[in-house]
Structures are given as C-alpha cells and as structure tokens.
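Below: one structure, written as structure tokens.
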Amino acid sequence: MSVKRKSTKVNRAWLNDHINDPYVKLAKREGYRARAAYKLKEIDETLGLIKPGHLVVDLGSTPGAWSQYVRRKLSPAGAAAGELNGTIISLDILPMEPIEGVVFLQGDFREPEVLAQLALEMKGRLADHVVSDMAPNLSGIESADAARISHLVELALEFCQTHMKPDGALVVKAFHGSGYSQLSKLFKDSFKVVKPIKPKASRSNSSETFLVGIGLKNVVRPIQVAENP
C-alpha cells in the first residue's frame, strides 16, 4: 500500500508541475501540441539554423510540435497554415495528426525500407537540416538505455552523411550519464562545429540535453552507376 501511495503522490506532483509549467501554458496559448516546440525554437534562434526555402527532416516527430515550429518558421507570415516557403518531411513510429504542408511518414526509423521511403520523399534533394527529438523507451538499466540512445543518434548521423548538405546541421536529443561522452566525441569526430545546448524549456531536474552538429566532416554519398550507352 505504501508503494501505491508514493506512486500516487509522485503522479499528482508531476501533474501539478505540468499544469503550472509556463511552457505548457504558452504552448496551449500559441497552438503548439507540446512544450517541446520551445526547445527547438531556442536552439534555432541561438544558432540561426532554419531559413526560408530549406528542406528540414524531423525524426521522431509525434505529436508534431517540432514540425509545427519549423512550419511556422518556413511560412512567410510565420503562420500555422497557408503559404509555405520550404519543405518539411516528418517521420515517427507513432501516428501524427496532420499539419498543413508537412509530409508525414509513419514507420520505424531503424528499418531500411522506411529510410528508403524517406529518401524517396526527398525527391533527390539533400536536407538543409535534420532535427531529432527521438528517444527510446527507457528501461531504467543505464547501460542498456545508453546503448539504445546511442543507436538512434548513430542512425540519425548516418542518414545525415548520405542525405544532408555538407554545411547542414543535425539536432539530436541526448541524456547526460552513461554514454554521453561517447556521443559527444562522435559528434566532434563528425562535425566541424558542435554545440551542446540545454534549452530553458527542458526541465531543470531532467538529464535531457541536445547536441547540435554543424558542417559534416565526412560525407558519404550513394554511388551513382552510369547507364550503358
């Protein structure tokens, strides 16, 4: 019984914090599906990444707050609907409610056929930026969770090396703790500029942070096979 009471208290405390969270209130007021929109907003405004005409790929997009932010950033009027100067392709294993002007693919990013479909939707273009709020279901076993997180980041990086412009940026979610130093090193080995950022919208008691890599050092492009004359 004591365990149940403690769990109930924790849930009530979380709910109370969530309801009174200024970013939750702001998201509701401004029409964002989640407070996470302000994490990408701060990263983007700090580094000046997303610009009109860009192609942005959003990995792990559901419920769609990051795609909503990008959509507004690519709108000449900063609007949630109407004219759009750019392309947004979003992907998640979970369904996502439609966002006007955003191409959504439902599938597992770890599956080659899903990655192939994503590449197909890009229609031969290279992404200007790739943003990823992907995170695995955490088990509580630190070593196992670190491996899952690293795997998702590595997949996002591999995608960038074949489908992102050399001067593009990759934004990924990471967590301080086991495996973080290895991910940081991976980014430093892969990008010319690396910026770790903990946005104000990330809760202070969370180990969540974001790694931003700008300018690929190693670009891997698919080999083009010449047709026989």
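The way I read the labels, and the way they are meant: chains A, B, ... in the order of the structure tokens, residue 1 as the first residue of every chain, and ligand 1 as the first ligand shown, with later ones counted on from there.
Residues of region 67-108 of chain A that DSSP, applied to the backbone, places in helix (DSSP H, G or I): Ser67, Gln68, Tyr69, Val70, Arg71, Arg72 and Lys73 of chain A.
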Any chance you can output those residues with C-alpha atoms as a short mmCIF file (atom, residue, chain, number, x, y, z; two decimals), in the first residue's frame?
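Everything below was put into part-v1.cif:
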data_model
loop_
_atom_site.label_atom_id
_atom_site.label_comp_id
_atom_site.auth_asym_id
_atom_site.auth_seq_id
_atom_site.Cartn_x
_atom_site.Cartn_y
_atom_site.Cartn_z
CA SER A 67 7.24 20.18 -37.17
CA GLN A 68 4.77 22.90 -36.18
CA TYR A 69 7.64 25.20 -35.24
CA VAL A 70 9.50 24.51 -38.49
CA ARG A 71 6.30 25.00 -40.48
CA ARG A 72 5.79 28.43 -38.93
CA LYS A 73 9.46 29.34 -39.44
#
**Q.** Contact residues around region 135-137 of chain A with only C-alpha atoms at 9 Å, ignoring same-chain residues under 3 positions, as a ChimeraX atom specification
**A.** /A:60,132,145,148-149,152,173-174
Q: Enumerate, as a VMD selection string, the complete set of residues in region 81-201 of chain A that a backbone-based DSSP assignment places in strand (DSSP E).
A: chain A and resid 87 to 92 102 to 106 127 to 132 164 to 175 191 to 197
Q: Show which residues sit within 10 Å of Ile43 (chain A), as a PyMOL selection string. Count only C-alpha atoms, and ignore same-chain residues fewer than 3 positions away.
A: chain A and resi 38-40+46-49+171+195-200+210-212
**Q.** Shell around Thr87 (chain A) at 9 Å using only C-alpha atoms, local window under 2 positions removed, as an NGL selection string
**A.** :A and (53-57 or 71 or 74 or 84-85 or 89 or 101-103 or 122)
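For the set A:Pro112, A:Pro76, A:Gly64, A:Gly177, the residue with the smallest atom-to-atom gap to Ser90 (chain A) is A:Gly64, counting only C-alpha atoms.
Minimum atom-to-atom distance to Val194 (chain A), evaluated using only C-alpha atoms, belongs to A:Gly215 out of A:Pro63, A:Gly215, A:Ser207, A:Gly179.
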Shell around region 163-170 of chain A at 9 Å using only C-alpha atoms, local window under 3 positions removed, as a compact mmCIF listing (two decimals) with C-alpha atoms, in the first residue's frame:
# COMPACT_ATOMS: atom_id res chain seq x y z
CA LEU A 49 19.64 27.44 -38.45
CA ALA A 119 14.82 9.35 -49.11
CA MET A 122 13.10 14.00 -50.60
CA GLY A 124 16.72 13.80 -54.94
CA ARG A 125 17.26 16.84 -52.74
CA LEU A 126 19.58 16.98 -49.76
CA ALA A 127 18.24 18.15 -46.40
CA ASP A 128 19.41 21.51 -45.12
CA HIS A 129 18.88 20.32 -41.56
CA VAL A 130 17.82 17.18 -39.70
CA VAL A 131 16.18 17.53 -36.29
CA SER A 132 15.52 14.61 -33.99
CA ALA A 156 20.40 9.94 -37.49
CA LEU A 157 24.07 10.71 -38.16
CA GLU A 158 24.33 8.02 -40.84
CA PHE A 159 21.24 9.48 -42.51
CA CYS A 160 22.83 12.95 -42.49
CA PHE A 191 31.05 17.77 -37.43
CA LEU A 211 23.68 18.04 -29.30
CA VAL A 212 23.93 20.19 -32.41
CA GLY A 213 26.45 19.34 -35.10
CA ILE A 214 27.05 21.84 -37.91
CA GLY A 215 29.07 21.13 -41.06
CA LEU A 216 29.80 17.49 -41.82
CA LYS A 217 33.42 16.35 -41.85
CA ASN A 218 32.68 13.04 -43.55
CA VAL A 219 30.13 12.98 -46.33
CA VAL A 220 29.08 9.62 -47.76
CA ARG A 221 27.06 9.76 -50.96
Q: Take CA of Asp133 (chain A) and CA of Asn205 (chain A) and report the distance between them in Å, one decimal.
A: 18.2 Å
Q. Pick from A:Ala27, A:Val172, A:Ala146, A:Asp189: nearest to Asp58 (chain A), with only C-alpha atoms counted?
A. A:Val172
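Of the listed residues A:His151, A:Lys123, A:Ser206, A:Thr162, the one whose atoms come nearest to Leu183 (chain A) is A:His151, with distances taken using only C-alpha atoms.
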(Q) My list of candidates is A:Ser204, A:Met134, A:Thr62, A:Ile50. Which is closest to Glu97 (chain A) when distances are computed with only C-alpha atoms? (A) A:Thr62
